[in-house]
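J.: Sharing a structure below in structure tokens format, with a few things to ask.
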Amino acid sequence: MRPPAAVEPLVPRPTRPGEPLAPAASDPVDVEREAGVARLFELHYSSMLRLAVLLGADDPENVVAEAYYQIYRKWRRLKDAEAAEAYLRSTVCNLTRMRIRHLQVVRRHTETPPEEAVASAESTALLHDDQRVLIGALQQLPARQREALVLRHWLGLKESEIAAAMGISCGSVKTHTARGLAALTQAMEARR
């Protein structure tokens with residue numbers, strides 16, 4: 001049995017004292033992956049965080065971090081680097097949905113009622129007071145309706161993009177969007 005191969009750290013390191021930092025990864029694909037994920041993070045982190053908040057994630061920062069980790073792991077399998085944003089958005093939707101389902105199961109099996117969730121400072125800063133009423137009504141919608149509305153009206157995606165992100169047909173997107181809008185309108189009018 002051979003010993004495991006040495007793994008180079010993925011942080012920049014100086015080649016000689018006084019020289020600029022050199023990338024740690026020697027493989028050009030790894031260098032491209034590092035740069036691509038860093039660029040994706042700079043451009044889309046805050047929008048992905050807002051998406052997770054709007055979809056109802058109880059810990060949106062961890063959801064988005066996990067999404068970036070997954071895209072980092074699967075970077076070589078991406079057919080088109082331009083599709084990375086769509087993949088990231090889809091991953092945030094799926095992770096949020098899985099997290100909400102997990103919490104529902106946990107809450108069903110706990111004997112004590114759950115404590116009121118406290119939003120992080122970053123999440124609170126993202127939402128203004130006038131938006132809190134809308135967010136509250138949005139949180140009351142079923143998950144699929146909420147996802148369809150957020151992807152359509154907040155991100156401005158086309159039906160085909162929403163269908164791809166949610167893993168459903170375009171007809172289902174239309175149904176979820178229409179039902180969600182009707183329920184949201186009714187909930188907002190009831191609060192007035």
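Residues in the structure tokens are named by chain (A, B, ... in the order shown) and by number from 1 within that chain; ligands are numbered from 1 in the order shown.
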Excluding region 167-181 of chain A and residues on its chain fewer than 6 positions from it, collect all residues at most 9 Å away from it, counting only C-alpha atoms, and give them as an mmCIF file with all heavy atoms, in the first residue's frame.
T.:
data_model
loop_
_atom_site.group_PDB
_atom_site.id
_atom_site.type_symbol
_atom_site.label_atom_id
_atom_site.label_comp_id
_atom_site.auth_asym_id
_atom_site.auth_seq_id
_atom_site.Cartn_x
_atom_site.Cartn_y
_atom_site.Cartn_z
ATOM 1 N N SER A 90 -29.646 27.562 -8.066
ATOM 2 C CA SER A 90 -30.382 26.303 -7.902
ATOM 3 C C SER A 90 -29.953 25.581 -6.631
ATOM 4 O O SER A 90 -30.780 25.040 -5.892
ATOM 5 C CB SER A 90 -30.146 25.425 -9.131
ATOM 6 O OG SER A 90 -30.773 24.194 -8.991
ATOM 7 N N LEU A 138 -44.782 36.202 3.084
ATOM 8 C CA LEU A 138 -44.098 35.279 2.193
ATOM 9 C C LEU A 138 -43.731 33.985 2.915
ATOM 10 O O LEU A 138 -43.832 32.897 2.353
ATOM 11 C CB LEU A 138 -42.840 35.957 1.639
ATOM 12 C CG LEU A 138 -42.123 35.320 0.472
ATOM 13 C CD1 LEU A 138 -43.030 35.250 -0.741
ATOM 14 C CD2 LEU A 138 -40.865 36.113 0.139
ATOM 15 N N LEU A 141 -46.382 31.186 2.997
ATOM 16 C CA LEU A 141 -46.711 30.449 1.777
ATOM 17 C C LEU A 141 -46.047 29.073 1.781
ATOM 18 O O LEU A 141 -44.999 28.886 2.398
ATOM 19 C CB LEU A 141 -46.226 31.215 0.549
ATOM 20 C CG LEU A 141 -46.876 32.555 0.260
ATOM 21 C CD1 LEU A 141 -46.218 33.192 -0.958
ATOM 22 C CD2 LEU A 141 -48.358 32.407 0.037
ATOM 23 N N PRO A 142 -46.631 28.109 1.065
ATOM 24 C CA PRO A 142 -45.947 26.824 0.881
ATOM 25 C C PRO A 142 -44.601 27.047 0.178
ATOM 26 O O PRO A 142 -44.428 28.002 -0.577
ATOM 27 C CB PRO A 142 -46.910 26.032 -0.006
ATOM 28 C CG PRO A 142 -48.244 26.655 0.226
ATOM 29 C CD PRO A 142 -47.978 28.110 0.489
ATOM 30 N N ARG A 144 -42.908 25.732 -2.331
ATOM 31 C CA ARG A 144 -42.821 25.836 -3.797
ATOM 32 C C ARG A 144 -43.359 27.177 -4.299
ATOM 33 O O ARG A 144 -42.800 27.773 -5.204
ATOM 34 C CB ARG A 144 -43.591 24.688 -4.467
ATOM 35 C CG ARG A 144 -42.941 23.342 -4.293
ATOM 36 C CD ARG A 144 -41.658 23.281 -5.045
ATOM 37 N NE ARG A 144 -41.141 21.915 -5.037
ATOM 38 C CZ ARG A 144 -40.170 21.512 -5.795
ATOM 39 N NH1 ARG A 144 -39.596 22.331 -6.623
ATOM 40 N NH2 ARG A 144 -39.743 20.279 -5.722
ATOM 41 N N GLN A 145 -44.457 27.633 -3.711
ATOM 42 C CA GLN A 145 -45.005 28.925 -4.104
ATOM 43 C C GLN A 145 -44.033 30.045 -3.754
ATOM 44 O O GLN A 145 -43.796 30.958 -4.549
ATOM 45 C CB GLN A 145 -46.362 29.165 -3.441
ATOM 46 C CG GLN A 145 -47.459 28.260 -3.945
ATOM 47 C CD GLN A 145 -48.769 28.449 -3.204
ATOM 48 O OE1 GLN A 145 -48.940 29.382 -2.434
ATOM 49 N NE2 GLN A 145 -49.705 27.542 -3.443
ATOM 50 N N ARG A 146 -43.453 29.969 -2.564
ATOM 51 C CA ARG A 146 -42.495 30.981 -2.124
ATOM 52 C C ARG A 146 -41.293 31.001 -3.061
ATOM 53 O O ARG A 146 -40.845 32.055 -3.498
ATOM 54 C CB ARG A 146 -42.068 30.688 -0.686
ATOM 55 C CG ARG A 146 -41.110 31.695 -0.110
ATOM 56 C CD ARG A 146 -40.827 31.466 1.358
ATOM 57 N NE ARG A 146 -40.340 30.124 1.639
ATOM 58 C CZ ARG A 146 -40.957 29.237 2.414
ATOM 59 N NH1 ARG A 146 -42.083 29.542 3.014
ATOM 60 N NH2 ARG A 146 -40.445 28.043 2.621
ATOM 61 N N GLU A 147 -40.753 29.822 -3.390
ATOM 62 C CA GLU A 147 -39.597 29.753 -4.286
ATOM 63 C C GLU A 147 -39.928 30.346 -5.651
ATOM 64 O O GLU A 147 -39.142 31.115 -6.204
ATOM 65 C CB GLU A 147 -39.149 28.310 -4.460
ATOM 66 C CG GLU A 147 -38.465 27.729 -3.262
ATOM 67 C CD GLU A 147 -38.105 26.268 -3.460
ATOM 68 O OE1 GLU A 147 -37.907 25.842 -4.619
ATOM 69 O OE2 GLU A 147 -38.031 25.548 -2.455
ATOM 70 N N ALA A 148 -41.072 29.975 -6.208
ATOM 71 C CA ALA A 148 -41.448 30.470 -7.532
ATOM 72 C C ALA A 148 -41.585 31.994 -7.529
ATOM 73 O O ALA A 148 -41.115 32.667 -8.450
ATOM 74 C CB ALA A 148 -42.755 29.814 -7.992
ATOM 75 N N LEU A 149 -42.204 32.545 -6.488
ATOM 76 C CA LEU A 149 -42.372 33.999 -6.415
ATOM 77 C C LEU A 149 -41.037 34.719 -6.254
ATOM 78 O O LEU A 149 -40.792 35.737 -6.912
ATOM 79 C CB LEU A 149 -43.299 34.373 -5.250
ATOM 80 C CG LEU A 149 -44.780 34.067 -5.457
ATOM 81 C CD1 LEU A 149 -45.568 34.381 -4.191
ATOM 82 C CD2 LEU A 149 -45.328 34.859 -6.626
ATOM 83 N N ARG A 152 -39.045 34.498 -9.509
ATOM 84 C CA ARG A 152 -39.664 35.266 -10.593
ATOM 85 C C ARG A 152 -39.608 36.765 -10.341
ATOM 86 O O ARG A 152 -39.147 37.543 -11.175
ATOM 87 C CB ARG A 152 -41.127 34.832 -10.776
ATOM 88 C CG ARG A 152 -41.886 35.651 -11.796
ATOM 89 C CD ARG A 152 -41.350 35.373 -13.198
ATOM 90 N NE ARG A 152 -42.028 36.176 -14.169
ATOM 91 C CZ ARG A 152 -41.441 37.172 -14.836
ATOM 92 N NH1 ARG A 152 -40.191 37.471 -14.620
ATOM 93 N NH2 ARG A 152 -42.110 37.859 -15.718
ATOM 94 N N GLU A 159 -39.484 31.824 -16.872
ATOM 95 C CA GLU A 159 -40.130 30.586 -16.420
ATOM 96 C C GLU A 159 -39.235 29.373 -16.621
ATOM 97 O O GLU A 159 -39.171 28.483 -15.772
ATOM 98 C CB GLU A 159 -41.463 30.392 -17.138
ATOM 99 C CG GLU A 159 -42.535 31.337 -16.657
ATOM 100 C CD GLU A 159 -43.812 31.216 -17.467
ATOM 101 O OE1 GLU A 159 -43.863 30.417 -18.431
ATOM 102 O OE2 GLU A 159 -44.770 31.929 -17.129
ATOM 103 N N SER A 160 -38.535 29.324 -17.750
ATOM 104 C CA SER A 160 -37.659 28.176 -18.012
ATOM 105 C C SER A 160 -36.500 28.121 -17.008
ATOM 106 O O SER A 160 -36.107 27.034 -16.575
ATOM 107 C CB SER A 160 -37.118 28.236 -19.436
ATOM 108 O OG SER A 160 -36.389 29.436 -19.648
ATOM 109 N N GLU A 161 -35.964 29.280 -16.620
ATOM 110 C CA GLU A 161 -34.884 29.314 -15.633
ATOM 111 C C GLU A 161 -35.391 28.897 -14.250
ATOM 112 O O GLU A 161 -34.701 28.204 -13.508
ATOM 113 C CB GLU A 161 -34.277 30.714 -15.559
ATOM 114 C CG GLU A 161 -33.555 31.126 -16.834
ATOM 115 C CD GLU A 161 -33.142 32.578 -16.827
ATOM 116 O OE1 GLU A 161 -33.913 33.437 -16.357
ATOM 117 O OE2 GLU A 161 -32.031 32.864 -17.316
#
J.: Which residues are near Arg33 (chain A)? Cut-off 12 Å, only C-alpha atoms, ignore same chain within fewer than 4 positions. Put them as a list of chain:residue names.
T.: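 Within the cut-off, the hits are A:Leu10, A:Pro23, A:Ala25, A:Ser26, A:Asp27, A:Pro28, A:Val29, A:Val37, A:Ala38, A:Arg39, A:Leu40, A:Tyr68, A:Tyr69, A:Ile71, A:Tyr72, A:Arg73, A:Lys74, A:Trp75, A:Arg76, A:Arg77, A:Leu78, A:Ala81, A:Ala84.
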J.: Can those selected residues be exported to a file as a PDB file, in the first residue's frame so that it contains C-alpha atoms?
T.:
ATOM      1  CA  LEU A  10      -4.937  26.198  -1.731  1.00  0.00           C
ATOM      2  CA  PRO A  23      -0.770  30.507  -6.405  1.00  0.00           C
ATOM      3  CA  ALA A  25      -2.222  25.132  -6.949  1.00  0.00           C
ATOM      4  CA  SER A  26       0.122  24.097  -9.753  1.00  0.00           C
ATOM      5  CA  ASP A  27      -2.602  22.567 -11.923  1.00  0.00           C
ATOM      6  CA  PRO A  28      -4.043  25.197 -14.325  1.00  0.00           C
ATOM      7  CA  VAL A  29      -7.525  23.747 -13.811  1.00  0.00           C
ATOM      8  CA  VAL A  37     -15.214  30.623  -7.525  1.00  0.00           C
ATOM      9  CA  ALA A  38     -13.605  33.781  -6.095  1.00  0.00           C
ATOM     10  CA  ARG A  39     -15.121  35.854  -8.916  1.00  0.00           C
ATOM     11  CA  LEU A  40     -18.496  34.189  -8.379  1.00  0.00           C
ATOM     12  CA  TYR A  68     -20.289  27.785  -2.654  1.00  0.00           C
ATOM     13  CA  TYR A  69     -18.579  24.694  -1.282  1.00  0.00           C
ATOM     14  CA  ILE A  71     -19.934  24.544  -6.638  1.00  0.00           C
ATOM     15  CA  TYR A  72     -16.240  24.523  -5.715  1.00  0.00           C
ATOM     16  CA  ARG A  73     -16.277  20.722  -5.526  1.00  0.00           C
ATOM     17  CA  LYS A  74     -18.125  20.336  -8.827  1.00  0.00           C
ATOM     18  CA  TRP A  75     -16.375  23.108 -10.763  1.00  0.00           C
ATOM     19  CA  ARG A  76     -14.622  20.695 -13.152  1.00  0.00           C
ATOM     20  CA  ARG A  77     -17.958  19.132 -14.101  1.00  0.00           C
ATOM     21  CA  LEU A  78     -19.519  22.453 -15.096  1.00  0.00           C
ATOM     22  CA  ALA A  81     -18.506  28.588 -16.426  1.00  0.00           C
ATOM     23  CA  ALA A  84     -22.172  28.749 -12.558  1.00  0.00           C
TER      24      ALA A  84
END
J.: Can you pull out the residues contacting Asn94 (chain A)? Cut-off 12 Å, using only C-alpha atoms, and skip same-chain residues under 5 positions away; I want them as a list of chain:residue names.
T.: A:Leu51, A:Ala52, A:Leu55, A:Gly56, A:Ala57, A:Val63, A:Val64, A:Glu66, A:Ala67, A:Gln70, A:Tyr87, A:Leu88, A:Arg89, A:Arg99, A:Ile100, A:Arg101, A:Ala143, A:Arg144, A:Glu147, A:Ala164, A:Ala165, A:Met166, A:Gly167
J.: Please determine, counting only C-alpha atoms, which residue among A:Val105, A:Ala65, A:Leu54, A:Cys93 has the shortest atom-to-atom distance to Gln131 (chain A).
T.: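 Under the stated criterion, the closest residue is A:Leu54.
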J.: For CA of Ala190 (chain A) and CA of Ala137 (chain A), quote the distance in Å rounded to one decimal.
T.: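 Computing it gives 10.1 Å between the two atoms.
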J.: Counting only C-alpha atoms, which residue out of A:Ala83, A:Ala35, A:Val106, A:Ala119 sits closest to Asp58 (chain A)?
T.: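 Of the candidates, the smallest distance to Asp58 (chain A) is held by A:Ala119.
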J.: Output as a ChimeraX atom specification all residues of region 16-163 of chain A that backbone DSSP marks as helix (DSSP H, G or I).
T.: /A:28-55,60-73,75-77,81-108,121-126,129-139,143-154,159-163
J.: Taking only C-alpha atoms into account, name the residue in A:Ile162, A:Leu157, A:Ala183, A:Val150 that is nearest to Arg50 (chain A).
T.: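 Result for the nearest residue to Arg50 (chain A): A:Val150.
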